[in-house]
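One file, start_25.txt, is given below (compact mmCIF, C-alpha atoms).
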# COMPACT_ATOMS: atom_id res chain seq x y z
CA CYS V 1 -53.42 -45.60 104.11
CA ILE V 2 -55.81 -43.64 106.30
CA ARG V 3 -58.92 -44.98 107.99
CA ASP V 4 -59.84 -42.28 110.46
CA ARG V 5 -62.94 -42.58 112.61
CA ASP V 6 -61.97 -40.48 115.61
CA THR V 7 -59.27 -37.90 114.76
CA SER V 8 -58.15 -37.43 118.34
CA ALA V 9 -57.64 -41.17 118.86
CA ARG V 10 -56.53 -42.61 115.54
CA LEU V 11 -55.01 -40.12 113.12
CA THR V 12 -51.85 -38.63 114.59
CA GLY V 13 -49.29 -36.11 113.42
CA ASP V 14 -45.58 -36.53 112.72
CA ASP V 15 -44.81 -37.20 116.38
CA GLY V 16 -47.12 -40.22 116.41
CA VAL V 17 -48.85 -38.92 119.53
CA ASN V 18 -50.80 -35.73 118.98
CA PRO V 19 -53.75 -35.40 116.59
CA ALA V 20 -52.89 -34.48 113.01
CA THR V 21 -53.75 -30.87 112.20
CA GLY V 22 -53.21 -31.15 108.45
CA LEU V 23 -52.06 -33.38 105.63
CA ARG V 24 -49.34 -33.11 102.98
CA VAL V 25 -48.98 -35.64 100.16
CA PHE V 26 -45.49 -35.35 98.63
CA PRO V 27 -44.67 -35.64 94.90
CA GLY V 28 -44.57 -39.25 93.70
CA VAL V 29 -46.50 -40.48 96.75
CA THR V 30 -49.91 -42.18 96.44
CA LEU V 31 -52.11 -41.93 99.51
CA LYS V 32 -54.97 -44.46 99.65
CA ILE V 33 -57.80 -43.32 101.88
CA LEU V 34 -60.02 -46.01 103.35
CA GLY V 35 -63.66 -45.52 104.24
CA ASN V 36 -64.81 -45.01 107.82
CA TYR V 37 -68.59 -44.75 107.38
CA ASP V 38 -71.05 -47.43 106.29
CA THR V 39 -73.56 -45.33 104.37
CA ASP V 40 -75.60 -48.00 102.53
CA ASN V 41 -76.28 -50.20 105.60
CA ALA V 42 -75.93 -53.30 103.45
CA ASP V 43 -75.32 -55.39 106.59
CA GLY V 44 -78.66 -54.22 108.01
CA ASP V 45 -77.42 -53.39 111.51
CA GLY V 46 -78.02 -49.63 111.26
CA ASN V 47 -74.51 -48.92 112.59
CA GLU V 48 -72.34 -46.53 110.54
CA ALA V 49 -69.18 -47.88 112.19
CA THR V 50 -69.59 -51.49 111.02
CA GLY V 51 -70.04 -53.19 107.68
CA THR V 52 -68.72 -52.07 104.32
CA MET V 53 -67.34 -48.52 104.28
CA GLU V 54 -68.45 -46.33 101.37
CA ARG V 55 -67.48 -42.90 102.75
CA ALA V 56 -64.45 -41.34 104.41
CA TYR V 57 -64.88 -38.24 106.55
CA ILE V 58 -61.73 -36.43 107.71
CA ASP V 59 -61.50 -33.15 109.64
CA PHE V 60 -58.27 -31.12 109.84
CA SER V 61 -57.90 -27.92 111.86
CA HIS V 62 -55.32 -26.66 109.35
CA GLY V 63 -54.57 -27.38 105.71
CA LEU V 64 -54.46 -29.99 102.97
CA TYR V 65 -51.48 -29.71 100.58
CA VAL V 66 -51.33 -32.23 97.74
CA GLU V 67 -48.38 -32.70 95.37
CA GLY V 68 -48.87 -36.45 94.81
CA THR V 69 -51.95 -38.66 94.39
CA ILE V 70 -54.99 -39.25 96.60
CA THR V 71 -57.15 -42.27 95.78
CA GLY V 72 -59.58 -44.64 97.45
CA HIS V 73 -62.16 -47.34 96.73
CA GLN V 74 -65.09 -48.62 98.71
CA ASP V 75 -64.94 -51.87 100.64
CA ALA V 76 -66.07 -54.86 98.62
CA ASN V 77 -69.73 -55.74 99.01
CA PRO V 78 -70.67 -58.75 96.87
CA GLY V 79 -74.36 -58.10 97.42
CA ASP V 80 -74.49 -54.76 95.63
CA GLY V 81 -73.16 -55.93 92.24
CA LEU V 82 -70.86 -52.89 92.09
CA ARG V 83 -67.66 -54.02 93.75
CA ASP V 84 -65.32 -51.45 92.30
CA ASN V 85 -66.90 -48.12 93.23
CA ALA V 86 -64.50 -45.32 94.09
CA LEU V 87 -64.74 -43.86 97.58
CA TYR V 88 -66.81 -40.89 98.71
CA ILE V 89 -64.29 -38.56 100.41
CA ASP V 90 -65.49 -35.65 102.55
CA ILE V 91 -62.85 -33.31 104.04
CA ASP V 92 -63.20 -30.29 106.33
CA CYS V 93 -60.07 -28.13 106.60
CA ASP V 94 -58.76 -24.59 106.88
CA PHE V 95 -57.38 -24.46 103.31
CA MET V 96 -56.55 -26.74 100.39
CA VAL V 97 -53.78 -26.38 97.81
CA THR V 98 -53.01 -28.86 95.03
CA THR V 99 -50.02 -28.42 92.72
CA PRO V 100 -49.71 -29.20 88.97
CA THR V 101 -48.21 -32.62 89.86
CA SER V 102 -51.23 -33.62 91.94
CA LEU V 103 -54.00 -36.08 91.09
CA ILE V 104 -57.27 -36.77 92.88
CA ASP V 105 -57.98 -40.22 91.43
CA LEU V 106 -61.48 -41.44 92.25
CA VAL V 107 -62.18 -43.09 88.91
CA GLY V 108 -64.49 -46.10 89.01
CA GLU V 109 -63.01 -49.42 87.93
CA ASP V 110 -63.79 -50.76 84.46
CA GLY V 111 -65.81 -53.99 84.30
CA ALA V 112 -64.73 -57.03 82.31
CA PRO V 113 -66.90 -57.83 79.27
CA GLY V 114 -69.93 -59.91 80.24
CA SER V 115 -69.31 -59.52 83.98
CA GLY V 116 -72.26 -57.19 84.59
CA MET V 117 -70.00 -55.22 86.94
CA TRP V 118 -68.71 -51.67 86.84
CA GLY V 119 -67.54 -49.01 89.24
CA ASN V 120 -69.05 -45.59 89.88
CA GLY V 121 -66.75 -42.61 90.23
CA GLY V 122 -66.21 -41.35 93.76
CA ASN V 123 -67.53 -38.13 95.26
CA PHE V 124 -64.98 -35.55 96.44
CA TYR V 125 -66.22 -32.82 98.80
CA VAL V 126 -63.94 -30.24 100.42
CA TYR V 127 -65.17 -27.48 102.74
CA ALA V 128 -62.47 -24.92 103.59
CA ASP V 129 -62.74 -22.11 106.14
CA GLY V 130 -60.14 -20.25 104.06
CA THR V 131 -59.06 -20.58 100.42
CA ILE V 132 -58.98 -23.44 97.92
CA VAL V 133 -56.39 -23.49 95.10
CA THR V 134 -56.41 -26.48 92.71
CA ARG V 135 -53.80 -26.75 89.95
CA GLY V 136 -53.62 -30.47 89.16
CA ARG V 137 -56.11 -33.09 87.95
CA ILE V 138 -59.36 -34.07 89.64
CA ASP V 139 -60.68 -37.24 87.97
CA LEU V 140 -63.99 -38.69 89.16
CA ARG V 141 -65.09 -40.48 85.97
CA GLY V 142 -67.31 -43.52 86.05
CA GLY V 143 -65.88 -46.82 84.90
CA SER V 144 -66.73 -48.45 81.58
CA GLY V 145 -68.40 -51.84 81.35
CA ASP V 146 -71.42 -53.61 79.92
CA THR V 147 -73.29 -50.62 81.35
CA GLY V 148 -71.49 -47.32 81.82
CA ALA V 149 -71.05 -46.28 85.44
CA ALA V 150 -71.96 -42.89 86.89
CA GLY V 151 -69.35 -40.21 87.39
CA GLY V 152 -68.73 -38.90 90.88
CA ASN V 153 -69.83 -35.52 92.23
CA LEU V 154 -67.40 -32.69 93.01
CA GLN V 155 -67.99 -29.87 95.48
CA LEU V 156 -65.21 -27.44 96.40
CA ASP V 157 -66.56 -24.87 98.85
CA ALA V 158 -64.22 -22.12 100.13
CA GLU V 159 -65.05 -19.21 102.40
CA TYR V 160 -62.34 -16.89 101.03
CA GLY V 161 -61.70 -17.57 97.36
CA MET V 162 -61.87 -20.57 95.04
CA TYR V 163 -59.17 -20.80 92.32
CA ASN V 164 -58.81 -23.59 89.76
CA THR V 165 -56.28 -23.86 86.93
CA GLY V 166 -56.28 -27.66 86.72
CA SER V 167 -58.54 -30.13 84.90
CA ILE V 168 -61.77 -31.56 86.30
CA ASP V 169 -63.68 -34.55 84.89
CA THR V 170 -66.84 -36.13 86.33
CA SER V 171 -68.03 -37.81 83.12
CA GLY V 172 -69.98 -41.05 82.95
CA GLY V 173 -68.42 -44.28 81.71
CA ILE V 174 -68.92 -45.98 78.35
CA GLY V 175 -71.61 -48.65 78.09
CA ASN V 176 -70.21 -51.33 75.79
CA THR V 177 -73.45 -53.32 75.46
CA ALA V 178 -75.99 -51.09 77.23
CA VAL V 179 -76.50 -47.44 78.18
CA GLY V 180 -73.70 -45.00 79.02
CA GLY V 181 -73.28 -43.67 82.53
CA ASP V 182 -74.61 -40.33 83.78
CA ALA V 183 -72.05 -37.67 84.70
CA GLY V 184 -71.67 -36.27 88.19
CA TYR V 185 -72.19 -32.62 89.05
CA VAL V 186 -69.54 -29.93 89.60
CA GLU V 187 -69.91 -27.13 92.17
CA LEU V 188 -67.15 -24.56 92.67
CA TYR V 189 -68.04 -22.01 95.36
CA SER V 190 -66.58 -18.96 97.08
CA ASP V 191 -69.01 -18.28 99.88
CA ASP V 192 -67.70 -15.12 101.53
CA THR V 193 -64.92 -12.67 100.64
CA GLY V 194 -62.87 -13.62 97.58
CA PRO V 195 -63.45 -14.49 93.94
CA MET V 196 -64.32 -17.68 92.12
CA MET V 197 -61.74 -18.01 89.30
CA ASN V 198 -61.37 -20.87 86.85
CA SER V 199 -59.10 -21.29 83.83
CA GLY V 200 -59.03 -25.08 83.54
CA PRO V 201 -61.23 -27.44 81.51
CA VAL V 202 -64.28 -28.75 83.38
CA THR V 203 -65.98 -31.77 81.83
CA ALA V 204 -69.17 -33.54 82.95
CA ARG V 205 -70.26 -35.40 79.82
CA GLY V 206 -72.63 -38.33 79.76
CA GLY V 207 -70.99 -41.57 78.71
CA ASP V 208 -71.54 -42.99 75.22
CA GLY V 209 -73.50 -46.24 75.15
CA ALA V 210 -74.50 -49.04 72.81
CA THR V 211 -78.21 -48.62 73.62
CA GLY V 212 -78.22 -44.93 74.58
CA GLY V 213 -76.10 -42.09 75.88
CA GLY V 214 -75.88 -41.06 79.52
CA ASP V 215 -76.96 -37.63 80.74
CA GLY V 216 -74.50 -34.80 81.30
CA GLY V 217 -73.91 -33.39 84.77
CA GLU V 218 -74.88 -30.00 86.17
CA MET V 219 -72.24 -27.29 86.70
CA ASP V 220 -72.44 -24.36 89.10
CA LEU V 221 -69.71 -21.73 89.52
CA TYR V 222 -70.74 -19.35 92.27
CA THR V 223 -69.47 -16.46 94.34
CA ASP V 224 -71.27 -14.77 97.20
CA GLU V 225 -71.03 -11.27 98.73
CA VAL V 226 -67.66 -9.91 97.52
CA GLY V 227 -65.10 -10.95 94.91
CA GLY V 228 -66.62 -11.52 91.50
CA LEU V 229 -66.20 -14.41 89.11
CA ALA V 230 -63.89 -15.05 86.14
CA ASN V 231 -63.81 -18.06 83.85
CA SER V 232 -61.62 -18.73 80.81
CA GLY V 233 -61.89 -22.53 80.83
CA ALA V 234 -63.87 -24.83 78.54
CA LEU V 235 -67.02 -26.10 80.33
CA ASP V 236 -68.78 -29.12 78.79
CA SER V 237 -71.88 -30.82 80.21
CA SER V 238 -73.10 -32.51 77.03
CA GLY V 239 -75.10 -35.71 76.86
CA GLY V 240 -73.54 -38.92 75.63
CA ASN V 241 -74.07 -40.39 72.17
CA CYS V 242 -75.66 -43.70 71.21
CA ILE V 243 -72.82 -45.67 69.63
CA GLY V 244 -74.91 -48.74 68.78
CA PRO V 245 -77.44 -49.23 65.98
CA ASP V 246 -80.46 -47.98 67.92
CA GLY V 247 -81.00 -45.83 70.99
CA PRO V 248 -81.46 -42.25 72.25
CA GLY V 249 -78.87 -39.61 72.97
CA GLY V 250 -78.36 -38.38 76.51
CA GLU V 251 -79.62 -35.03 77.81
CA ALA V 252 -77.14 -32.28 78.60
CA GLY V 253 -76.69 -30.87 82.09
CA ASP V 254 -77.17 -27.17 82.80
CA ILE V 255 -74.30 -24.70 83.28
CA VAL V 256 -74.74 -21.76 85.68
CA LEU V 257 -72.34 -18.91 86.52
CA ASP V 258 -73.75 -16.93 89.44
CA VAL V 259 -72.35 -13.76 91.06
CA HIS V 260 -73.74 -11.95 94.12
CA GLY V 261 -71.12 -9.22 94.49
CA GLY V 262 -68.60 -7.91 91.96
CA SER V 263 -68.24 -8.37 88.22
CA MET V 264 -68.41 -11.44 86.01
CA ARG V 265 -65.90 -12.03 83.22
CA ALA V 266 -66.87 -15.09 81.20
CA ALA V 267 -64.54 -16.19 78.41
CA GLY V 268 -63.62 -19.76 77.42
CA SER V 269 -66.45 -21.88 76.00
CA TYR V 270 -69.74 -23.34 77.26
CA THR V 271 -71.22 -26.53 75.76
CA ALA V 272 -74.44 -28.18 76.93
CA ARG V 273 -75.40 -30.11 73.81
CA GLY V 274 -77.72 -33.10 73.65
CA GLY V 275 -76.24 -36.42 72.59
CA ALA V 276 -76.87 -38.00 69.20
CA GLY V 277 -79.43 -40.79 68.87
CA ALA V 278 -79.15 -43.74 66.47
CA GLY V 279 -81.75 -45.69 64.47
CA THR V 280 -85.18 -44.96 65.95
CA GLY V 281 -83.62 -43.17 68.94
CA ASP V 282 -84.22 -39.47 69.47
CA GLY V 283 -81.53 -36.90 70.01
CA GLY V 284 -81.02 -35.70 73.56
CA ASP V 285 -82.10 -32.21 74.63
CA GLY V 286 -79.60 -29.45 75.11
CA ASN V 287 -79.79 -27.64 78.44
CA TYR V 288 -79.73 -24.03 79.55
CA ILE V 289 -76.58 -21.98 80.05
CA GLU V 290 -77.01 -19.07 82.45
CA PHE V 291 -74.90 -16.03 83.34
CA TYR V 292 -76.39 -14.19 86.30
CA VAL V 293 -75.24 -11.15 88.30
CA ASP V 294 -77.36 -10.13 91.30
CA TYR V 295 -76.97 -7.53 94.06
CA ASP V 296 -80.53 -7.78 95.38
CA ASP V 297 -79.58 -10.10 98.22
CA TYR V 298 -77.23 -7.59 99.85
CA ILE V 299 -78.82 -4.18 99.38
CA GLU V 300 -78.30 -3.27 103.04
CA GLU V 301 -74.57 -4.09 102.77
CA ASN V 302 -74.05 -1.46 100.02
CA TYR V 303 -71.72 -3.82 98.14
CA GLN V 304 -69.99 -2.48 95.07
CA GLY V 305 -71.77 -3.54 91.90
CA GLY V 306 -70.14 -4.67 88.72
CA ALA V 307 -70.58 -5.53 85.07
CA LEU V 308 -71.16 -8.73 83.14
CA TYR V 309 -68.62 -9.23 80.33
CA LEU V 310 -69.28 -12.23 78.11
CA GLY V 311 -66.98 -13.20 75.25
CA ALA V 312 -67.30 -16.92 74.65
CA ASP V 313 -68.73 -19.47 72.24
CA ILE V 314 -71.96 -21.04 73.54
CA ASP V 315 -73.45 -24.31 72.25
CA ALA V 316 -76.74 -25.54 73.71
CA ARG V 317 -77.96 -27.43 70.64
CA GLY V 318 -80.20 -30.46 70.73
CA GLY V 319 -78.78 -33.74 69.53
CA ASP V 320 -79.53 -35.26 66.15
CA GLY V 321 -81.69 -38.39 65.91
CA ALA V 322 -84.93 -39.86 64.62
CA ASN V 323 -86.49 -36.82 66.25
CA GLY V 324 -84.10 -34.00 67.00
CA GLY V 325 -83.58 -32.94 70.59
CA GLU V 326 -84.66 -29.51 71.78
CA GLY V 327 -82.11 -26.73 72.02
CA GLY V 328 -81.35 -25.21 75.40
CA ASP V 329 -81.87 -21.60 76.50
CA VAL V 330 -79.08 -19.05 76.89
CA ILE V 331 -79.87 -16.72 79.80
CA ILE V 332 -77.88 -13.52 80.42
CA GLU V 333 -79.29 -11.52 83.33
CA MET V 334 -78.33 -8.73 85.71
CA GLU V 335 -80.37 -7.58 88.71
CA TYR V 336 -79.47 -4.60 90.87
CA TYR V 337 -80.95 -1.59 92.67
CA ASP V 338 -79.67 1.93 92.14
CA PRO V 339 -78.46 3.99 93.90
CA VAL V 340 -78.12 1.50 96.77
CA SER V 341 -75.76 -0.80 94.83
CA PRO V 342 -73.12 1.52 93.35
CA GLY V 343 -70.78 0.63 90.54
CA ARG V 344 -70.88 0.08 86.83
CA HIS V 345 -73.89 -1.95 85.71
CA GLU V 346 -73.72 -3.14 82.15
CA ILE V 347 -73.85 -6.28 80.06
CA VAL V 348 -71.20 -6.41 77.34
CA LEU V 349 -71.03 -9.16 74.68
CA PHE V 350 -67.85 -9.31 72.63
CA GLY V 351 -65.43 -11.57 70.78
CA TYR V 352 -67.63 -14.62 70.32
CA ALA V 353 -68.22 -16.71 67.17
CA GLU V 354 -71.40 -18.56 68.12
CA PHE V 355 -74.45 -18.45 70.39
CA ASN V 356 -76.31 -21.59 69.29
CA GLY V 357 -79.46 -22.99 70.88
CA SER V 358 -80.79 -24.72 67.78
CA GLY V 359 -82.79 -27.90 67.83
CA GLY V 360 -81.22 -31.09 66.54
CA ASP V 361 -81.81 -32.49 63.09
CA GLY V 362 -84.30 -35.35 62.84
CA ALA V 363 -85.22 -37.95 60.25
CA VAL V 364 -88.87 -37.57 61.34
CA HIS V 365 -89.04 -34.21 63.12
CA GLY V 366 -86.41 -31.63 63.89
CA GLY V 367 -86.03 -30.39 67.44
CA ALA V 368 -87.36 -27.05 68.64
CA ALA V 369 -84.88 -24.26 69.26
Exercise: express the given structure as structure tokens:
Amino acid sequence: CIRDRDTSARLTGDDGVNPATGLRVFPGVTLKILGNYDTDNADGDGNEATGTMERAYIDFSHGLYVEGTITGHQDANPGDGLRDNALYIDIDCDFMVTTPTSLIDLVGEDGAPGSGMWGNGGNFYVYADGTIVTRGRIDLRGGSGDTGAAGGNLQLDAEYGMYNTGSIDTSGGIGNTAVGGDAGYVELYSDDTGPMMNSGPVTARGGDGATGGGDGGEMDLYTDEVGGLANSGALDSSGGNCIGPDGPGGEAGDIVLDVHGGSMRAAGSYTARGGAGAGTGDGGDGNYIEFYVDYDDYIEENYQGGALYLGADIDARGGDGANGGEGGDVIIEMEYYDPVSPGRHEIVLFGYAEFNGSGGDGAVHGGAA
């Protein structure tokens, strides 16, 4: 276990004396991280160092290399009614690499029937001065219970390239007698030199619920300055369905792919569909899906421009219900200035079966496209 408040005093390296400069979690090993910040001030003393600990902040001068499992849950706080929330982990480091055997397990605990308790998924934030490569599973789903719990938020922010081939899930939990949980958001960034590349499935669906579906989470894949962006994974930010006799569907979250230097190659699939309502419940709205290439921000840098190649199925439909949900927009945009931003500037659409932003079907009224 780790509970680090002052790196120089408490978290030491292999010699047991000097401060740790990095962390490696070996295959088959589960590392439980304990919180070191009281963020909700439930004890009322205004002191982050005392009380229940909801967040862990760790700073390494070198890298994080994960082959095993990282997990963590918040300290119990009987007053908040949510005793099984996963931890909020915030790590600063030089680089992060996770292998196919790795698991970031910040799933909220399921609540027993009738207990009125559930656990939210934990947040996982990593800021790397270098590169981030993730090849395993990152699971931040909310727990299921009488009410579905919220999924945790994910932010992976690298200065020199962000690469993911693993699976990511920030979905909300199932509400067995009430509403499903909302999904957390996903942000994958390359902020300086280097691409943002993803080939794994990324899921941020709202949880299904007996009285209504939860909302899907937002997704943002972004690269700045130089490097470009490529995605071949399946991205899904759909709203949850009502699985009881009466209730609305959840709204979808938006999906944005954003490039500020280089080309975009978008394959895979993109789904931001509203959830289905039941009985008198309306269908949830679909949300917008945007593909954006822009060189305007860096005219003076004379960065090489690029093209936008899009060959993927896109589904932004509204959900079905008593009244159908509205369909979401599909936005494909390029902005540049010639001759200051050289390169090949074109938008090419190819190899797709469906661009669908239709409204949902409704027993009373259909949804607008």
Would you tabulate, counting all atoms listed in the file, all residues of region 144-253 of chain V that have an atom at most 7 Å from an atom of region 284-287 of chain V, showing the closest pair of atoms and their distance in Å to one decimal, sorted by chain then ascending number, as JSON lines?
{"residue": "V:Gly239", "atom": "CA", "partner": "V:Gly284", "partner_atom": "CA", "distance": 6.8}
{"residue": "V:Pro248", "atom": "CA", "partner": "V:Gly284", "partner_atom": "CA", "distance": 6.7}
{"residue": "V:Gly249", "atom": "CA", "partner": "V:Gly284", "partner_atom": "CA", "distance": 4.5}
{"residue": "V:Gly250", "atom": "CA", "partner": "V:Gly284", "partner_atom": "CA", "distance": 4.8}
{"residue": "V:Glu251", "atom": "CA", "partner": "V:Gly284", "partner_atom": "CA", "distance": 4.5}
{"residue": "V:Ala252", "atom": "CA", "partner": "V:Gly286", "partner_atom": "CA", "distance": 5.1}
{"residue": "V:Gly253", "atom": "CA", "partner": "V:Asn287", "partner_atom": "CA", "distance": 5.8}
Separation of CA of Leu221 (chain V) from CA of Val293 (chain V), in Å and rounded to one decimal: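 Straight-line distance from CA of Leu221 (chain V) to CA of Val293 (chain V) works out to 12.0 Å.
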For each of V:Asn85, V:Ala312, V:Phe26, V:Ala49, take the minimum atom-to-atom distance to Thr98 (chain V), counting all atoms listed in the file, then give the residue where this is smallest. V:Phe26
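Between CA of His62 (chain V) and CA of Ala158 (chain V) the interatomic distance comes to 13.6 Å.
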Using only C-alpha atoms, tabulate the residues of region 103-185 of chain V lying at most 10 Å from any atom of region 54-57 of chain V, each with its closest atom pair and that distance in Å to one decimal, by chain and increasing residue number, as JSON lines.
{"residue": "V:Gly122", "atom": "CA", "partner": "V:Arg55", "partner_atom": "CA", "distance": 9.2}
{"residue": "V:Asn123", "atom": "CA", "partner": "V:Arg55", "partner_atom": "CA", "distance": 8.9}
{"residue": "V:Phe124", "atom": "CA", "partner": "V:Ala56", "partner_atom": "CA", "distance": 9.9}
{"residue": "V:Tyr125", "atom": "CA", "partner": "V:Tyr57", "partner_atom": "CA", "distance": 9.6}
Restricting it to C-alpha atoms, dump the selection as a JSON list (two decimals), keeping the file's coordinate frame.
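Result file result-v7.json:
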[["chain", "number", "residue", "atom", "x", "y", "z"],
["V", 122, "GLY", "CA", -66.21, -41.35, 93.76],
["V", 123, "ASN", "CA", -67.53, -38.13, 95.26],
["V", 124, "PHE", "CA", -64.98, -35.55, 96.44],
["V", 125, "TYR", "CA", -66.22, -32.82, 98.80]]
What's the 10 Å shell around Gly275 (chain V), counting all atoms listed in the file, without same-chain residues fewer than 5 positions away, as a ChimeraX atom specification? /V:205-208,212-216,238-242,248-252,282-286,317-321,324-325,360
Write out as a list of chain:residue names the residues lying within 10 Å of Gly114 (chain V), counting only C-alpha atoms and excluding same-chain residues fewer than 4 positions away.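 Close residues of Gly114 (chain V): V:Gly145, V:Asp146, V:Thr147, V:Asn176, V:Thr177.
We find CA of Arg135 (chain V) and CA of Asp224 (chain V) to be spaced 22.4 Å apart.
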Between V:Gly277, V:Gly268, V:Gly116, V:Gly184, which one has atoms that come closest to Gly247 (chain V), using all atoms listed in the file? V:Gly277
Go through V:Val126, V:Val330, V:Leu235, V:Ala278 and flag the residue nearest Thr170 (chain V), using all atoms listed in the file for the distances. V:Leu235
For Asp90 (chain V), which residue out of V:Ile58, V:Val107, V:Ile70, V:Val364 is the nearest one, using all atoms listed in the file? V:Ile58
So which residues fall inside 12 Å of (-74.4, -26.4, 84.8) if we count all atoms listed in the file? Mind giving them as a PyMOL selection string? chain V and resi 183-188+202-205+216-222+235-238+252-258+270-273+286-291+316+328+330
In terms of the shortest atom-to-atom distance over only C-alpha atoms, which of V:Gln155, V:Thr165, V:Ser102, V:Ser232 is closest to Tyr65 (chain V)?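 Among the listed residues, the smallest separation from Tyr65 (chain V) belongs to V:Ser102.
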For Leu87 (chain V), list every protein, DNA or RNA residue within 12 Å, evaluated using only C-alpha atoms, and leave out those in the same chain fewer than 4 positions away; present the list as a PyMOL selection string. chain V and resi 3+32-39+52-57+70-76+83+104-109+119-125+140+142+151-153
Export of the given selection (C-alpha atoms) as a tab-separated table (two decimals), keeping the file's coordinate frame:
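Just written: again.tsv:
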chain	number	residue	atom	x	y	z
V	3	ARG	CA	-58.92	-44.98	107.99
V	32	LYS	CA	-54.97	-44.46	99.65
V	33	ILE	CA	-57.80	-43.32	101.88
V	34	LEU	CA	-60.02	-46.01	103.35
V	35	GLY	CA	-63.66	-45.52	104.24
V	36	ASN	CA	-64.81	-45.01	107.82
V	37	TYR	CA	-68.59	-44.75	107.38
V	38	ASP	CA	-71.05	-47.43	106.29
V	39	THR	CA	-73.56	-45.33	104.37
V	52	THR	CA	-68.72	-52.07	104.32
V	53	MET	CA	-67.34	-48.52	104.28
V	54	GLU	CA	-68.45	-46.33	101.37
V	55	ARG	CA	-67.48	-42.90	102.75
V	56	ALA	CA	-64.45	-41.34	104.41
V	57	TYR	CA	-64.88	-38.24	106.55
V	70	ILE	CA	-54.99	-39.25	96.60
V	71	THR	CA	-57.15	-42.27	95.78
V	72	GLY	CA	-59.58	-44.64	97.45
V	73	HIS	CA	-62.16	-47.34	96.73
V	74	GLN	CA	-65.09	-48.62	98.71
V	75	ASP	CA	-64.94	-51.87	100.64
V	76	ALA	CA	-66.07	-54.86	98.62
V	83	ARG	CA	-67.66	-54.02	93.75
V	104	ILE	CA	-57.27	-36.77	92.88
V	105	ASP	CA	-57.98	-40.22	91.43
V	106	LEU	CA	-61.48	-41.44	92.25
V	107	VAL	CA	-62.18	-43.09	88.91
V	108	GLY	CA	-64.49	-46.10	89.01
V	109	GLU	CA	-63.01	-49.42	87.93
V	119	GLY	CA	-67.54	-49.01	89.24
V	120	ASN	CA	-69.05	-45.59	89.88
V	121	GLY	CA	-66.75	-42.61	90.23
V	122	GLY	CA	-66.21	-41.35	93.76
V	123	ASN	CA	-67.53	-38.13	95.26
V	124	PHE	CA	-64.98	-35.55	96.44
V	125	TYR	CA	-66.22	-32.82	98.80
V	140	LEU	CA	-63.99	-38.69	89.16
V	142	GLY	CA	-67.31	-43.52	86.05
V	151	GLY	CA	-69.35	-40.21	87.39
V	152	GLY	CA	-68.73	-38.90	90.88
V	153	ASN	CA	-69.83	-35.52	92.23
